[in-house]
Each structure stands twice: as C-alpha cells, then as structure tokens.
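Peer 1: mmCIF, C-alpha atoms, file upload-v2.cif:
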```cif
data_target
loop_
_atom_site.group_PDB
_atom_site.id
_atom_site.type_symbol
_atom_site.label_atom_id
_atom_site.label_comp_id
_atom_site.auth_asym_id
_atom_site.auth_seq_id
_atom_site.Cartn_x
_atom_site.Cartn_y
_atom_site.Cartn_z
ATOM 1 C CA MET A 13 -7.115 -2.703 0.726
ATOM 2 C CA ALA A 14 -4.304 -4.871 -0.502
ATOM 3 C CA SER A 15 -0.896 -4.441 1.063
ATOM 4 C CA VAL A 16 0.198 -7.616 -0.645
ATOM 5 C CA PRO A 17 -1.971 -8.046 -3.749
ATOM 6 C CA ALA A 18 -3.161 -11.489 -4.693
ATOM 7 C CA LEU A 19 -0.621 -12.466 -7.315
ATOM 8 C CA LYS A 20 -1.323 -16.200 -7.201
ATOM 9 C CA THR A 21 1.499 -18.668 -7.629
ATOM 10 C CA TRP A 22 3.572 -17.051 -10.316
ATOM 11 C CA LEU A 23 6.237 -15.644 -7.957
ATOM 12 C CA PHE A 24 8.717 -17.128 -5.498
ATOM 13 C CA VAL A 25 6.369 -17.392 -2.522
ATOM 14 C CA LEU A 26 7.532 -18.835 0.796
ATOM 15 C CA PRO A 27 5.843 -22.015 2.064
ATOM 16 C CA ALA A 28 3.442 -20.112 4.310
ATOM 17 C CA VAL A 29 2.339 -23.025 6.470
ATOM 18 C CA VAL A 30 5.896 -23.991 7.371
ATOM 19 C CA LEU A 31 6.896 -20.398 7.907
ATOM 20 C CA LEU A 32 4.017 -19.494 10.183
ATOM 21 C CA GLY A 33 4.372 -22.754 12.080
ATOM 22 C CA ALA A 34 8.032 -22.068 12.759
ATOM 23 C CA ALA A 35 7.164 -18.589 13.958
ATOM 24 C CA GLY A 36 4.624 -19.907 16.445
ATOM 25 C CA VAL A 37 1.753 -18.772 14.202
ATOM 26 C CA ARG A 38 2.137 -15.360 15.785
ATOM 27 C CA MET A 39 1.947 -13.504 12.489
ATOM 28 C CA GLY A 40 -1.356 -15.117 11.620
ATOM 29 C CA ASP A 41 -2.786 -14.469 15.064
ATOM 30 C CA ARG A 42 -1.791 -10.837 14.935
ATOM 31 C CA LEU A 43 -3.353 -10.384 11.527
ATOM 32 C CA LYS A 44 -6.626 -11.864 12.796
ATOM 33 C CA GLN A 45 -6.567 -9.548 15.807
ATOM 34 C CA ALA A 46 -5.490 -6.446 13.878
ATOM 35 C CA ASP A 47 -8.902 -5.379 12.603
ATOM 36 C CA GLY A 48 -10.479 -5.900 16.007
ATOM 37 C CA SER A 49 -7.828 -3.918 17.853
ATOM 38 C CA ALA A 50 -7.960 -1.145 15.274
ATOM 39 C CA ALA A 51 -11.753 -0.973 15.516
ATOM 40 C CA MET A 52 -11.522 -0.900 19.319
ATOM 41 C CA ALA A 53 -8.983 1.926 19.122
ATOM 42 C CA MET A 54 -11.302 3.890 16.846
ATOM 43 C CA GLU A 55 -14.269 3.312 19.153
ATOM 44 C CA GLN A 56 -12.267 4.443 22.155
ATOM 45 C CA SER A 57 -11.187 7.554 20.309
ATOM 46 C CA THR A 58 -14.824 8.669 19.978
ATOM 47 C CA ALA A 59 -15.384 8.704 23.740
ATOM 48 C CA PRO A 60 -14.966 12.024 25.617
ATOM 49 C CA GLN A 61 -11.328 12.444 26.668
ATOM 50 C CA GLN A 62 -9.731 14.723 29.232
ATOM 51 C CA ASP A 63 -6.146 13.985 28.182
ATOM 52 C CA THR A 64 -4.796 16.652 25.824
ATOM 53 C CA ALA A 65 -2.925 13.965 23.853
ATOM 54 C CA GLN A 66 -6.257 12.317 22.995
ATOM 55 C CA ALA A 67 -8.141 15.459 22.110
ATOM 56 C CA THR A 68 -8.248 14.659 18.392
ATOM 57 C CA PRO A 69 -10.331 11.461 17.951
ATOM 58 C CA SER A 70 -8.760 10.272 14.706
ATOM 59 C CA LEU A 71 -5.175 11.027 15.762
ATOM 60 C CA PRO A 72 -3.254 7.791 16.441
ATOM 61 C CA ALA A 73 -2.008 7.521 20.017
ATOM 62 C CA ALA A 74 1.706 7.571 19.211
ATOM 63 C CA LEU A 75 1.318 10.763 17.182
ATOM 64 C CA ALA A 76 -0.766 12.281 19.954
ATOM 65 C CA ARG A 77 1.926 11.427 22.472
ATOM 66 C CA ARG A 78 4.579 13.126 20.384
ATOM 67 C CA LEU A 79 2.410 16.178 19.740
ATOM 68 C CA ALA A 80 1.619 16.461 23.441
ATOM 69 C CA SER A 81 5.325 16.723 24.187
ATOM 70 C CA GLU A 82 5.648 19.833 22.019
ATOM 71 C CA SER A 83 5.220 23.198 23.717
ATOM 72 C CA THR A 84 3.370 24.830 20.808
ATOM 73 C CA VAL A 85 1.732 23.807 17.583
ATOM 74 C CA ASN A 86 4.270 25.905 15.716
ATOM 75 C CA SER A 87 7.097 23.731 17.008
ATOM 76 C CA VAL A 88 5.771 20.718 15.095
ATOM 77 C CA PRO A 89 7.472 20.352 11.694
ATOM 78 C CA SER A 90 4.888 20.918 8.966
ATOM 79 C CA GLY A 91 7.047 21.242 5.878
ATOM 80 C CA LEU A 92 6.854 18.578 3.187
ATOM 81 C CA PRO A 93 8.722 18.220 -0.102
ATOM 82 C CA LEU A 94 7.250 19.753 -3.223
ATOM 83 C CA ASP A 95 6.492 16.189 -4.302
ATOM 84 C CA ILE A 96 4.563 15.153 -1.220
ATOM 85 C CA ARG A 97 4.890 11.488 -2.222
ATOM 86 C CA ALA A 98 8.675 11.433 -2.201
ATOM 87 C CA ASP A 99 9.339 10.799 1.485
ATOM 88 C CA ILE A 100 7.561 7.452 1.614
ATOM 89 C CA GLU A 101 10.597 6.026 -0.182
ATOM 90 C CA GLY A 102 14.212 5.978 0.949
ATOM 91 C CA ASP A 103 15.163 5.823 4.619
ATOM 92 C CA THR A 104 12.555 8.268 5.895
ATOM 93 C CA ASP A 105 11.399 8.048 9.498
ATOM 94 C CA LEU A 106 7.800 7.208 8.639
ATOM 95 C CA PHE A 107 6.508 8.049 12.108
ATOM 96 C CA ALA A 108 7.765 11.630 11.703
ATOM 97 C CA TYR A 109 6.581 11.698 8.081
ATOM 98 C CA ALA A 110 3.089 10.669 9.208
ATOM 99 C CA GLN A 111 3.143 13.488 11.726
ATOM 100 C CA ARG A 112 3.880 16.040 9.007
ATOM 101 C CA LEU A 113 1.298 14.482 6.706
ATOM 102 C CA ARG A 114 -1.338 14.593 9.416
ATOM 103 C CA TRP A 115 -0.991 18.333 9.914
ATOM 104 C CA GLN A 116 -1.161 18.919 6.183
ATOM 105 C CA ALA A 117 -4.154 16.580 5.780
ATOM 106 C CA ASP A 118 -6.055 18.290 8.561
ATOM 107 C CA SER A 119 -5.390 21.587 6.789
ATOM 108 C CA GLY A 120 -7.217 20.281 3.722
ATOM 109 C CA ASN A 121 -4.416 18.687 1.680
ATOM 110 C CA VAL A 122 -6.093 15.575 0.212
ATOM 111 C CA GLU A 123 -2.842 14.326 -1.318
ATOM 112 C CA ALA A 124 -1.334 14.308 2.175
ATOM 113 C CA ARG A 125 -4.278 12.281 3.455
ATOM 114 C CA TRP A 126 -3.814 9.701 0.695
ATOM 115 C CA MET A 127 -0.114 9.397 1.512
ATOM 116 C CA LEU A 128 -0.948 9.153 5.217
ATOM 117 C CA SER A 129 -3.112 6.132 4.406
ATOM 118 C CA ARG A 130 -0.177 4.564 2.566
ATOM 119 C CA VAL A 131 2.103 5.025 5.576
ATOM 120 C CA TYR A 132 -0.492 3.480 7.887
ATOM 121 C CA ASP A 133 -0.930 0.577 5.472
ATOM 122 C CA TYR A 134 2.807 -0.029 5.118
ATOM 123 C CA CYS A 135 3.475 0.100 8.870
ATOM 124 C CA SER A 136 0.352 -1.693 10.126
ATOM 125 C CA GLN A 137 1.746 -5.215 10.514
ATOM 126 C CA TYR A 138 4.729 -3.935 12.475
ATOM 127 C CA ALA A 139 2.658 -1.546 14.585
ATOM 128 C CA ASN A 140 0.190 -4.231 15.674
ATOM 129 C CA ASP A 141 2.917 -5.949 17.723
ATOM 130 C CA PRO A 142 6.429 -4.473 17.399
ATOM 131 C CA GLY A 143 7.946 -6.948 19.854
ATOM 132 C CA GLY A 144 6.381 -9.989 18.211
ATOM 133 C CA TYR A 145 7.377 -8.674 14.794
ATOM 134 C CA GLN A 146 11.025 -8.646 15.865
ATOM 135 C CA LEU A 147 10.748 -12.117 17.410
ATOM 136 C CA ASP A 148 9.379 -13.461 14.140
ATOM 137 C CA ASN A 149 12.339 -11.916 12.337
ATOM 138 C CA THR A 150 14.678 -13.776 14.676
ATOM 139 C CA VAL A 151 12.903 -17.033 13.831
ATOM 140 C CA LEU A 152 13.073 -16.325 10.094
ATOM 141 C CA ASN A 153 16.780 -15.588 10.243
ATOM 142 C CA GLY A 154 17.331 -18.703 12.316
ATOM 143 C CA MET A 155 15.795 -20.901 9.634
ATOM 144 C CA GLY A 156 18.887 -20.289 7.538
ATOM 145 C CA GLU A 157 17.025 -20.478 4.237
ATOM 146 C CA ARG A 158 17.648 -18.000 1.463
ATOM 147 C CA ALA A 159 13.963 -17.174 1.134
ATOM 148 C CA SER A 160 13.366 -16.744 4.874
ATOM 149 C CA THR A 161 16.479 -14.589 5.228
ATOM 150 C CA ALA A 162 15.305 -12.341 2.387
ATOM 151 C CA MET A 163 11.901 -11.970 4.006
ATOM 152 C CA ALA A 164 13.477 -11.193 7.388
ATOM 153 C CA SER A 165 15.651 -8.518 5.791
ATOM 154 C CA ALA A 166 12.621 -6.892 4.151
ATOM 155 C CA ARG A 167 10.697 -7.024 7.438
ATOM 156 C CA GLN A 168 13.634 -5.466 9.260
ATOM 157 C CA ARG A 169 13.515 -2.521 6.902
ATOM 158 C CA VAL A 170 9.833 -2.068 7.708
ATOM 159 C CA ALA A 171 10.634 -2.169 11.425
ATOM 160 C CA ALA A 172 13.455 0.355 11.039
ATOM 161 C CA ARG A 173 11.277 2.808 9.115
ATOM 162 C CA CYS A 174 8.111 2.398 11.202
ATOM 163 C CA GLY A 175 9.669 2.641 14.658
ATOM 164 C CA GLY A 176 7.517 4.848 16.900
ATOM 165 C CA PHE A 177 4.186 3.309 15.968
ATOM 166 C CA VAL A 178 2.626 1.009 18.565
ATOM 167 C CA ALA A 179 -0.426 -1.257 18.782
ATOM 168 C CA SER A 180 -2.547 1.378 20.523
ATOM 169 C CA ASP A 181 -2.260 3.583 17.429
ATOM 170 C CA GLY A 182 -4.804 1.294 15.797
ATOM 171 C CA LEU A 183 -3.054 1.044 12.425
ATOM 172 C CA GLY A 184 -4.974 -1.467 10.356
ATOM 173 C CA TYR A 185 -7.813 -1.812 7.890
ATOM 174 C CA PRO A 186 -10.431 0.396 9.606
ATOM 175 C CA LEU A 187 -8.056 3.349 9.953
ATOM 176 C CA VAL A 188 -6.535 2.969 6.481
ATOM 177 C CA PHE A 189 -9.955 2.650 4.872
ATOM 178 C CA ALA A 190 -11.295 5.674 6.776
ATOM 179 C CA GLN A 191 -8.386 7.824 5.588
ATOM 180 C CA ARG A 192 -8.773 6.670 1.996
ATOM 181 C CA ARG A 193 -12.495 7.176 1.914
ATOM 182 C CA GLN A 194 -12.095 10.679 3.293
ATOM 183 C CA ALA A 195 -9.426 11.453 0.672
ATOM 184 C CA ALA A 196 -11.575 9.970 -2.107
ATOM 185 C CA GLN A 197 -14.602 12.001 -1.101
ATOM 186 C CA ALA A 198 -12.422 15.106 -1.199
ATOM 187 C CA GLY A 199 -11.342 14.334 -4.772
ATOM 188 C CA ASN A 200 -8.120 12.307 -4.599
ATOM 189 C CA LEU A 201 -8.139 9.971 -7.600
ATOM 190 C CA ALA A 202 -5.702 7.392 -6.218
ATOM 191 C CA ALA A 203 -7.768 7.050 -3.072
ATOM 192 C CA GLU A 204 -10.937 6.722 -5.139
ATOM 193 C CA ALA A 205 -9.304 3.981 -7.209
ATOM 194 C CA SER A 206 -8.174 2.169 -4.073
ATOM 195 C CA LEU A 207 -11.767 1.984 -2.837
ATOM 196 C CA LEU A 208 -12.800 0.267 -6.080
ATOM 197 C CA ALA A 209 -9.896 -2.167 -5.669
ATOM 198 C CA ASP A 210 -11.056 -2.783 -2.114
ATOM 199 C CA GLY A 211 -14.557 -3.662 -3.327
ATOM 200 C CA GLN A 212 -16.117 -0.587 -1.703
ATOM 201 C CA PRO A 213 -16.291 2.117 -4.394
ATOM 202 C CA LEU A 214 -17.902 5.459 -3.747
ATOM 203 C CA GLN A 215 -20.650 4.354 -6.157
ATOM 204 C CA THR A 216 -21.493 0.847 -7.311
ATOM 205 C CA ASP A 217 -23.200 1.363 -10.686
ATOM 206 C CA GLU A 218 -21.492 0.253 -13.897
ATOM 207 C CA ASP A 219 -21.229 3.737 -15.386
ATOM 208 C CA TYR A 220 -19.398 5.044 -12.343
ATOM 209 C CA ARG A 221 -16.961 2.131 -12.192
ATOM 210 C CA ARG A 222 -16.133 2.281 -15.891
ATOM 211 C CA GLY A 223 -15.865 6.037 -15.752
ATOM 212 C CA LEU A 224 -13.458 5.793 -12.818
ATOM 213 C CA VAL A 225 -11.168 3.455 -14.757
ATOM 214 C CA GLN A 226 -11.223 5.827 -17.708
ATOM 215 C CA ARG A 227 -10.432 8.786 -15.442
ATOM 216 C CA VAL A 228 -7.442 6.915 -14.078
ATOM 217 C CA ARG A 229 -6.307 6.146 -17.635
ATOM 218 C CA ASP A 230 -6.634 9.782 -18.641
ATOM 219 C CA SER A 231 -4.768 11.000 -15.551
ATOM 220 C CA HIS A 232 -1.627 8.913 -16.153
ATOM 221 C CA ASP A 233 -1.133 9.193 -12.397
ATOM 222 C CA PRO A 234 1.108 6.276 -11.352
ATOM 223 C CA GLU A 235 -0.311 6.221 -7.817
ATOM 224 C CA ALA A 236 -3.834 5.872 -9.226
ATOM 225 C CA TYR A 237 -2.731 3.137 -11.642
ATOM 226 C CA MET A 238 -1.117 1.137 -8.848
ATOM 227 C CA ALA A 239 -4.088 1.637 -6.525
ATOM 228 C CA LEU A 240 -6.535 0.497 -9.210
ATOM 229 C CA ALA A 241 -4.539 -2.573 -10.298
ATOM 230 C CA PRO A 242 -6.087 -5.180 -7.928
ATOM 231 C CA ALA A 243 -9.532 -4.341 -9.299
ATOM 232 C CA MET A 244 -8.429 -5.049 -12.868
ATOM 233 C CA GLY A 245 -7.281 -8.650 -12.527
ATOM 234 C CA ILE A 246 -9.338 -11.836 -12.216
ATOM 235 C CA ARG A 247 -11.883 -9.999 -10.066
ATOM 236 C CA ALA A 248 -12.940 -8.002 -13.139
ATOM 237 C CA SER A 249 -13.685 -11.133 -15.161
ATOM 238 C CA GLY A 250 -17.285 -11.051 -16.370
ATOM 239 C CA ASP A 251 -17.849 -7.494 -15.154
ATOM 240 C CA ARG A 252 -19.670 -5.682 -17.973
ATOM 241 C CA ALA A 253 -18.332 -2.364 -16.737
ATOM 242 C CA MET A 254 -14.823 -3.508 -17.679
ATOM 243 C CA THR A 255 -15.619 -4.824 -21.166
ATOM 244 C CA GLY A 256 -12.981 -3.781 -23.683
ATOM 245 C CA LEU A 257 -10.570 -2.552 -20.997
ATOM 246 C CA VAL A 258 -7.303 -4.090 -19.819
ATOM 247 C CA ALA A 259 -9.073 -6.210 -17.236
ATOM 248 C CA GLY A 260 -10.294 -9.652 -16.288
ATOM 249 C CA GLU A 261 -7.109 -11.738 -16.440
ATOM 250 C CA ALA A 262 -4.269 -12.479 -14.058
ATOM 251 C CA LEU A 263 -1.829 -10.610 -16.278
ATOM 252 C CA SER A 264 -4.041 -7.535 -16.563
ATOM 253 C CA GLU A 265 -3.449 -6.634 -12.905
ATOM 254 C CA LEU A 266 0.272 -6.905 -13.531
ATOM 255 C CA ALA A 267 -0.033 -4.771 -16.663
ATOM 256 C CA TRP A 268 -1.543 -1.941 -14.616
ATOM 257 C CA ARG A 269 1.240 -2.267 -12.047
ATOM 258 C CA VAL A 270 4.018 -2.273 -14.635
ATOM 259 C CA ALA A 271 2.352 0.688 -16.374
ATOM 260 C CA ALA A 272 2.448 2.553 -13.046
ATOM 261 C CA CYS A 273 6.177 1.881 -12.875
ATOM 262 C CA GLU A 274 6.616 3.118 -16.453
ATOM 263 C CA LEU A 275 4.746 6.306 -15.556
ATOM 264 C CA GLY A 276 7.092 7.108 -12.677
ATOM 265 C CA MET A 277 6.053 5.053 -9.649
ATOM 266 C CA ALA A 278 8.996 4.063 -7.453
ATOM 267 C CA CYS A 279 9.464 0.393 -8.370
ATOM 268 C CA GLY A 280 13.159 -0.185 -7.753
ATOM 269 C CA SER A 281 14.663 -3.031 -5.768
ATOM 270 C CA ASP A 282 14.549 -0.944 -2.577
ATOM 271 C CA SER A 283 11.094 0.570 -3.177
ATOM 272 C CA VAL A 284 8.119 0.326 -0.841
ATOM 273 C CA LEU A 285 6.432 -1.804 -3.517
ATOM 274 C CA MET A 286 9.146 -4.484 -3.599
ATOM 275 C CA ASN A 287 9.728 -4.258 0.146
ATOM 276 C CA SER A 288 6.030 -4.808 0.895
ATOM 277 C CA PHE A 289 5.704 -7.828 -1.376
ATOM 278 C CA CYS A 290 8.665 -9.487 0.312
ATOM 279 C CA ALA A 291 8.003 -8.422 3.921
ATOM 280 C CA ASN A 292 4.275 -9.118 3.990
ATOM 281 C CA GLY A 293 3.950 -12.162 1.758
ATOM 282 C CA GLY A 294 7.365 -13.690 1.249
ATOM 283 C CA ILE A 295 7.237 -12.731 -2.446
ATOM 284 C CA CYS A 296 10.912 -11.893 -2.768
ATOM 285 C CA SER A 297 13.106 -11.625 -5.830
ATOM 286 C CA GLN A 298 16.093 -13.953 -5.892
ATOM 287 C CA GLN A 299 18.094 -11.052 -7.331
ATOM 288 C CA THR A 300 18.512 -8.321 -4.734
ATOM 289 C CA ASP A 301 18.993 -5.582 -7.343
ATOM 290 C CA GLN A 302 15.952 -6.500 -9.459
ATOM 291 C CA ASP A 303 13.199 -3.918 -9.911
ATOM 292 C CA PHE A 304 9.502 -4.737 -10.088
ATOM 293 C CA THR A 305 9.170 -4.719 -13.875
ATOM 294 C CA ASP A 306 12.076 -7.101 -14.392
ATOM 295 C CA PHE A 307 10.797 -9.247 -11.520
ATOM 296 C CA VAL A 308 7.385 -9.575 -13.168
ATOM 297 C CA TYR A 309 8.756 -10.511 -16.580
ATOM 298 C CA ASP A 310 11.290 -12.866 -15.033
ATOM 299 C CA ALA A 311 9.073 -14.674 -12.536
ATOM 300 C CA ALA A 312 5.457 -14.050 -13.449
ATOM 301 C CA VAL A 313 5.022 -13.940 -17.185
ATOM 302 C CA SER A 314 5.475 -16.880 -19.526
ATOM 303 C CA ARG A 315 7.288 -16.458 -22.824
ATOM 304 C CA GLN A 316 3.929 -16.678 -24.612
ATOM 305 C CA GLY A 317 2.392 -14.092 -22.288
ATOM 306 C CA ALA A 318 5.234 -11.569 -22.472
ATOM 307 C CA GLU A 319 4.146 -10.121 -25.814
ATOM 308 C CA LYS A 320 0.552 -9.710 -24.654
ATOM 309 C CA MET A 321 1.735 -8.156 -21.422
ATOM 310 C CA THR A 322 3.903 -5.659 -23.264
ATOM 311 C CA GLU A 323 1.035 -4.722 -25.586
ATOM 312 C CA TRP A 324 -1.234 -4.074 -22.613
ATOM 313 C CA VAL A 325 1.346 -1.919 -20.868
ATOM 314 C CA GLU A 326 1.901 0.097 -24.040
ATOM 315 C CA GLU A 327 -1.850 0.511 -24.399
ATOM 316 C CA LEU A 328 -2.145 1.793 -20.853
ATOM 317 C CA ILE A 329 0.635 4.338 -21.196
ATOM 318 C CA GLY A 330 0.144 5.012 -24.923
ATOM 319 C CA LYS A 331 -1.458 8.407 -24.491
ATOM 320 C CA ARG A 332 1.516 9.707 -22.510
ATOM 321 C CA LYS A 333 3.900 8.200 -25.075
ATOM 322 C CA GLY A 334 2.090 9.964 -27.883
ATOM 323 C CA ARG A 335 0.661 6.829 -29.497
#
```
Please express the file's structure as structure tokens.

Peer 2:
Amino acid sequence: MASVPALKTWLFVLPAVVLLGAAGVRMGDRLKQADGSAAMAMEQSTAPQQDTAQATPSLPAALARRLASESTVNSVPSGLPLDIRADIEGDTDLFAYAQRLRWQADSGNVEARWMLSRVYDYCSQYANDPGGYQLDNTVLNGMGERASTAMASARQRVAARCGGFVASDGLGYPLVFAQRRQAAQAGNLAAEASLLADGQPLQTDEDYRRGLVQRVRDSHDPEAYMALAPAMGIRASGDRAMTGLVAGEALSELAWRVAACELGMACGSDSVLMNSFCANGGICSQQTDQDFTDFVYDAAVSRQGAEKMTEWVEELIGKRKGR
C-alpha cells in the first residue's frame, strides 16, 4: 500500500527531519503505532461481543456506533451515485460515504469494497489520532513557511473530510490490505493491481504478474493504472516478468500515473491524488491550481526525459486513442 508513493527527490519535498522535529515527532510516532493499533483493533473485533454496535467483526467502531443509533437497517442511506467512485472527490463527508460503501460492499459490490479501501487509506493518518493531527497542523502553520503552510492546508482538508473516524476504528495498513485483498479475490482489477504494487500479489509467478499488467493495460481502467503504478517503477528493474513493458525506471511509475490521469482519473489541483501527496509527504505544488500532469512535467521530468515520458504515456493509452 502506498498512500504517498516513493517519488524520490524530484518534487518539492519538505525537509522531513526539521518538520517532524518541530511537530514533536508526533507524526512519526503515530505512524509507527498505526499498524499495531489497527492489528489490535482487528484482533479485538474477532472476540465474541455482546454489544450490538460490535456485532459485525470487520465493521470499524465509528461506523458501528453510527449504525447502532439508527432504529432500522432501512433508515441507513444505501444509495450511491451511478459512478460509485465519484464521491471520493469533492467535499464529500467520507465517514458517511464509507457507511454507504460498506452496506454496498457487504451486499456483494466489489467496486464498493475497493473504494472503501481507498477511503480508509486516505483517512488513516487522521483517524489514528485526530487531536494530534490538528496539533501538528497548528505547528505547521506556525512555522510560517510557504511549504509548511501548504502542507497544513492539505492536511486540514483531510481532517475536514474524514471527521467522524477515530483511532478505535483501526484504519491503517491491516484493514486497508484486508479490504483490498477481499476485493481482488472477488475480481476487482484495481484491487488486484494494488496488491502487486504492495508486494503481495494474489500469485507470485512471472506469468501471473505479467498477465496482470497486460490485463490492466487492456482494461484502460484509470483506477487500475494508478493502483499498479508503484509496481512499475524502480522496483520492476531486473524483473523478467516486466521485460518489454513500461517498467523499471523512475519515470515509468510516473508514466503510469499520468496515463491514469489521461484516461479519466481525477488528477486536478483539488483531487485526492494531489491532496494526499501534499498532506502525507509534503510533496506540494508551488502553484495551487496545478494538476498532477503539469506538476510532474514541471517538477519531476527533465527536458531530456520529457519526450521519453510522453512516448510512454502515449504507449500506455494508445489503444484507447486508436493508435
């Protein structure tokens, strides 16, 4: 899982040591504790429970609390837009969105389960310690630097959209991975691609891995492209399964990401993609209205590499373009 993909030093990255030191190293501590607390929450959820709100083991506590307050199941909103992916963008209340997704996922909608994993991933850093998250924002704003202010603004948007989640919900790697694996096993291609990017594919043999990449290419699904991207960068160097594919170089990961944007992924200046880069890693554009594609070409790709990058992107989306 890669909320903030490893994009090396080619972007405007905040001086992490100074930043975390000024914030009392709370962000680092919470990240170290996140997996443990999430695992503990999952273990606790498997124990017999008498409380109605905890009757569903995999249901995060905050969602269970809200569901318990409803008089009937029918009173819980279950409707989702025709494009089930749409509500993760904009100013959606992601806690309520997750609630709707959960009911759909439990009814067998694998696309809803994939999107539920994305919400959990996006909100996990905030949910691990909402109070500490806000305190860190105060510190960042107090630094008075352009970069720290931009990061604080991005983090504030996460906090505003993820309000309602709390630490006991167990949002973090174990829960996100469990949701994605379940979605992948049920046939969701984006989830399957994300497992490969996470280093834990459904199958490990070369034929499967190469075949998965080709299935993603054939699908022209922007979610699957974006999910696969981290697996196609430097990590793919020397992997025989990726021979002849757009893979194995720092720019190849970016090519997959830009191709996802070209195929319809939300990549604007206010998108979850741009917001996550800035909020979680301090990778913030100096131009507030810059979308991801322009950001990459402006800050990540050399003049010599731009032509190669463009060729790769065109190759990846060529089938859709009729080439």

Peer 1: Point out the residue among A:Val284, A:Leu224, A:Ala117, A:Ile329 with the least atom-to-atom distance to Val131 of chain A, counting all atoms listed in the file.

Peer 2: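 When distances to Val131 of chain A are compared using all atoms listed in the file, the smallest one comes from A:Val284.
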
Peer 1: Just the residues within 12 Å of Arg227 of chain A, please, counting all atoms listed in the file, with nothing from its chain fewer than 4 positions along; format it as a ChimeraX atom specification.

Peer 2: /A:200-202,204-205,219-223,231-233,236-237,240

Peer 1: Take atom CA of Tyr134 of chain A and atom CA of Ala291 of chain A and report the distance between them in Å, one decimal.

Peer 2: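 So the two atoms, atom CA of Tyr134 of chain A and atom CA of Ala291 of chain A, lie 9.9 Å apart.
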
Peer 1: Which residues are near segment 287-289 of chain A? Cut-off 9 Å, all atoms listed in the file, ignore same chain within fewer than 2 positions. Put them as a ChimeraX atom specification.

Peer 2: /A:15-17,134,163,166-167,169-170,281-285,291-296

Peer 1: Kindly export the residues of the current selection with C-alpha atoms, as a tab-separated table (two decimals), keeping the file's coordinate frame.

Peer 2:
```tsv
chain	number	residue	atom	x	y	z
A	15	SER	CA	-0.90	-4.44	1.06
A	16	VAL	CA	0.20	-7.62	-0.64
A	17	PRO	CA	-1.97	-8.05	-3.75
A	134	TYR	CA	2.81	-0.03	5.12
A	163	MET	CA	11.90	-11.97	4.01
A	166	ALA	CA	12.62	-6.89	4.15
A	167	ARG	CA	10.70	-7.02	7.44
A	169	ARG	CA	13.52	-2.52	6.90
A	170	VAL	CA	9.83	-2.07	7.71
A	281	SER	CA	14.66	-3.03	-5.77
A	282	ASP	CA	14.55	-0.94	-2.58
A	283	SER	CA	11.09	0.57	-3.18
A	284	VAL	CA	8.12	0.33	-0.84
A	285	LEU	CA	6.43	-1.80	-3.52
A	291	ALA	CA	8.00	-8.42	3.92
A	292	ASN	CA	4.28	-9.12	3.99
A	293	GLY	CA	3.95	-12.16	1.76
A	294	GLY	CA	7.36	-13.69	1.25
A	295	ILE	CA	7.24	-12.73	-2.45
A	296	CYS	CA	10.91	-11.89	-2.77
```

Peer 1: Find the residue from A:Arg252, A:Leu208, A:Asp103, A:Ala162 that sits nearest to Gln299 of chain A; use only C-alpha atoms when measuring.

Peer 2: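 Of all the options, A:Ala162 lies closest to Gln299 of chain A.
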
Peer 1: Can you give me, as a VMD selection string, the residues this file yields under the PyMOL selection byres ((chain A and resi 194-199) around 12)?

Peer 2: chain A and resid 70 117 to 118 120 to 130 187 to 193 200 to 208 212 to 215 224 236

Peer 1: Near Cys135 of chain A, within 9 Å and counting all atoms listed in the file, which residues show up once chain neighbours fewer than 5 positions away are dropped, as a ChimeraX atom specification?

Peer 2: /A:106,130,140,170-171,173-175,177,183-184

Peer 1: Suppose you want the space between atom CA of Gly182 of chain A and atom CA of Gln146 of chain A; what is it in Å?

Peer 2: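 Atom CA of Gln146 of chain A lies 18.7 Å from atom CA of Gly182 of chain A.
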
Peer 1: So that I can check the surroundings of Glu265 of chain A, please list as an MDAnalysis selection string every protein, DNA and RNA residue that reaches within 8 Å of it, counting only C-alpha atoms and ignoring chain neighbours fewer than 3 positions away.

Peer 2: chainID A and resid 241:246 259 261:262 268:269

Peer 1: As an exercise, work out the distance from atom CA of Gly256 of chain A to atom CA of Asp306 of chain A in Å and give it to one decimal place.

Peer 2: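 Taking atom CA of Gly256 of chain A as the start and atom CA of Asp306 of chain A as the end point, the length is 26.9 Å.
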
Peer 1: Here is a test: counting only C-alpha atoms, which residue of A:Met254, A:Cys279, A:Val325, A:Val308 is nearest to Ala267 of chain A?

Peer 2: A:Val325

Peer 1: Closest to Pro234 of chain A among A:Gly250, A:Gly317, A:Gly276, A:Gly260, using all atoms listed in the file?

Peer 2: A:Gly276

Peer 1: Using all atoms listed in the file, find the one residue out of A:Gln302, A:Ser136, A:Ser264, A:Thr322 that sits nearest to Ser180 of chain A.

Peer 2: A:Ser136
